[in-house]
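Below: one structure, written as structure tokens.
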Amino acid sequence: MEILSAARVGKYGVGAFNTNNMEITQAILEAAEESRSPVIVALSEGGLKYGGKDLVNMVIDMSKSATVPVAVHLDHGSSFESCLQTIRYGFTSVMIDKSHEDEETNIRETKRVVKAAHAVGVTVEAEIGRLGGVEEHVVVTEDEVALTKPEEAERFMAATGTDYLAIAIGTSHGANKGKGRPYIDHQRIVEIANRVPNPLVMHGASGVPQDVVARLNAAGGQLKDATGIHEDDVRKAVTEGIAKINTDTDLRLALTMRVREVLMNDPKQFDPRKILGPAREEMKRIVKERIEVFGSANKA
Ligand code: G3H
Ligand code: 13P
Ligand code: ZN
């Protein structure tokens, strides 16, 4: 994916934002267009199950008519079949995530996907190491977290031909990324980047803005100990080799917070546009802020 190669060389990051519906997709694309930033719209298998082919068609259609470069990406693909299905749908990028398997299986399954995807001009992300947190198909506890080993990363890339590599360097999925400021292993990013010239990917990168969490809780939410990745760690990581940065939680929080506020302040409201419209604006604000942190504004 050219937008990622340019980001690695230019030492900035391109945001990959997860979507599950029209409002989230509009927030991502409008923010990217207003910031003149390339962007990646990501759908997980959970998202595909939720929105089906209607969601896929809508996202691809909206991405094609955007005025900035947009990639449509499968997030955490669990199988060869799921990667192939989304390639057929028209996705321009897929992730095969066999990071929970042994190295040999991860290499074998990733190679299969790379071969098929490259035959039709689709680029591939894979992952080694293990992040903490919850995805649709996997839960990783704190004891199971395993940071990526630089020599393993080099071996994996040479063996598979993967285009961009997700690495575990201290981030985790979800709204509870640790007590206080989660520790990000910058030295490890540098060591991996010295051995792997491809764009590196940071999953679990949400900032979990504390003002959003406070407003969400003030409007009846019950999120405890919500913490995210400090923006200075993200700013530094993009100078070290991280070129794709995944964000889902921040948009979920923004949407839920605004929906709660609107319903709390206006209990008689039942027009979906008056409920989801403000949520869309809030998500757009968050995407724009993230784009500033990643340094991808005016790179489109
Ligand atoms: O990495 C996981 C993303 O936040 C997607 O989550 O699988 O629940 O859609 P999901
Ligand atoms: P967050 O939970 O930090 O938003 O991470 C999302 C992600 O990594 C999607 O693949
Ligand atoms: Zn992820």
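We name chains A, B, ... following the order of the structure tokens; residues begin at 1 in each chain, and ligands are numbered from 1 as shown.
Within the 8 Å cut-off around stretch 206-208 of chain A, using only C-alpha atoms and omitting residues fewer than 2 positions from it on the same chain, the listed residues are A:Gly174, A:Ala175, A:Gly204, A:Gln210, A:Val212, A:Val213, A:Ala226, A:Thr227, A:Gly228, A:Ile229, A:His230, A:Glu231, A:Asn246, A:Thr247, A:Asp248, A:Thr249, A:Asp250, A:Leu253.
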Please identify all polymer residues within 12 Å of A:Thr239, counting only C-alpha atoms, omitting same-chain residues fewer than 6 positions from it, and present them as a list in words.
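Final neighbour list, sorted by chain and number: Ala7, Arg8, Val9, Gly10, Lys11, Tyr12, Gly13, His186, Ile189, Val190, Ala193, Pro199, Leu200, Asp232, Asp233, Val293, Phe294 and Gly295 of chain A.
Taking only C-alpha atoms and all ligand atoms into account, ligand 3 lies nearest to A:Ala168 out of the set A:Ala168, A:Ala119, A:Val238, A:Ala279.
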Pick the closest to A:Leu74 from A:Thr123, A:Ala42, A:Val59, A:Tyr89: which is it, counting only C-alpha atoms?
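For A:Leu74, the nearest of the given residues is A:Ala42.
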Check stretch 72-193 of chain A with DSSP on the backbone and list each residue it calls alpha helix (DSSP H), as a PyMOL selection string.
chain A and resi 80-89+103-119+150-160+186-193
Let me see the file: selected residues, C-alpha atoms, as a PDB file, in the first residue's frame.
```pdb
ATOM      1  CA  PHE A  80      -7.380 -17.675   4.512  1.00  0.00           C
ATOM      2  CA  GLU A  81     -11.090 -17.939   3.619  1.00  0.00           C
ATOM      3  CA  SER A  82     -11.996 -14.682   5.304  1.00  0.00           C
ATOM      4  CA  CYS A  83      -9.118 -12.863   3.546  1.00  0.00           C
ATOM      5  CA  LEU A  84     -10.179 -14.275   0.177  1.00  0.00           C
ATOM      6  CA  GLN A  85     -13.810 -13.370   0.728  1.00  0.00           C
ATOM      7  CA  THR A  86     -12.982  -9.731   1.480  1.00  0.00           C
ATOM      8  CA  ILE A  87     -10.563  -9.521  -1.458  1.00  0.00           C
ATOM      9  CA  ARG A  88     -13.459 -10.665  -3.633  1.00  0.00           C
ATOM     10  CA  TYR A  89     -15.648  -7.959  -2.063  1.00  0.00           C
ATOM     11  CA  GLU A 103       5.725 -19.405  14.506  1.00  0.00           C
ATOM     12  CA  GLU A 104       5.620 -22.183  11.910  1.00  0.00           C
ATOM     13  CA  THR A 105       1.826 -22.027  11.560  1.00  0.00           C
ATOM     14  CA  ASN A 106       1.846 -18.227  11.456  1.00  0.00           C
ATOM     15  CA  ILE A 107       4.453 -18.287   8.658  1.00  0.00           C
ATOM     16  CA  ARG A 108       2.665 -21.027   6.691  1.00  0.00           C
ATOM     17  CA  GLU A 109      -0.796 -19.415   6.850  1.00  0.00           C
ATOM     18  CA  THR A 110       0.515 -15.901   6.191  1.00  0.00           C
ATOM     19  CA  LYS A 111       2.438 -17.133   3.115  1.00  0.00           C
ATOM     20  CA  ARG A 112      -0.749 -18.633   1.678  1.00  0.00           C
ATOM     21  CA  VAL A 113      -2.606 -15.331   2.041  1.00  0.00           C
ATOM     22  CA  VAL A 114       0.311 -13.276   0.666  1.00  0.00           C
ATOM     23  CA  LYS A 115       0.496 -15.475  -2.438  1.00  0.00           C
ATOM     24  CA  ALA A 116      -3.227 -15.175  -3.201  1.00  0.00           C
ATOM     25  CA  ALA A 117      -3.497 -11.474  -2.306  1.00  0.00           C
ATOM     26  CA  HIS A 118      -0.439 -10.404  -4.295  1.00  0.00           C
ATOM     27  CA  ALA A 119      -1.774 -12.249  -7.352  1.00  0.00           C
ATOM     28  CA  PRO A 150      13.354  -8.341  16.530  1.00  0.00           C
ATOM     29  CA  GLU A 151      15.102 -11.435  15.107  1.00  0.00           C
ATOM     30  CA  GLU A 152      11.767 -13.251  14.792  1.00  0.00           C
ATOM     31  CA  ALA A 153      10.320 -10.229  12.949  1.00  0.00           C
ATOM     32  CA  GLU A 154      13.180 -10.285  10.442  1.00  0.00           C
ATOM     33  CA  ARG A 155      12.841 -14.049   9.903  1.00  0.00           C
ATOM     34  CA  PHE A 156       9.063 -13.790   9.509  1.00  0.00           C
ATOM     35  CA  MET A 157       9.230 -11.015   6.909  1.00  0.00           C
ATOM     36  CA  ALA A 158      11.865 -12.837   4.845  1.00  0.00           C
ATOM     37  CA  ALA A 159       9.840 -16.071   4.957  1.00  0.00           C
ATOM     38  CA  THR A 160       6.416 -14.630   4.160  1.00  0.00           C
ATOM     39  CA  HIS A 186      10.441   2.304  22.025  1.00  0.00           C
ATOM     40  CA  GLN A 187      13.821   0.572  21.972  1.00  0.00           C
ATOM     41  CA  ARG A 188      12.102  -2.528  20.647  1.00  0.00           C
ATOM     42  CA  ILE A 189      10.399  -0.560  17.858  1.00  0.00           C
ATOM     43  CA  VAL A 190      13.802   0.834  16.836  1.00  0.00           C
ATOM     44  CA  GLU A 191      15.434  -2.621  16.883  1.00  0.00           C
ATOM     45  CA  ILE A 192      12.631  -4.139  14.794  1.00  0.00           C
ATOM     46  CA  ALA A 193      12.708  -1.193  12.373  1.00  0.00           C
TER      47      ALA A 193
END
```
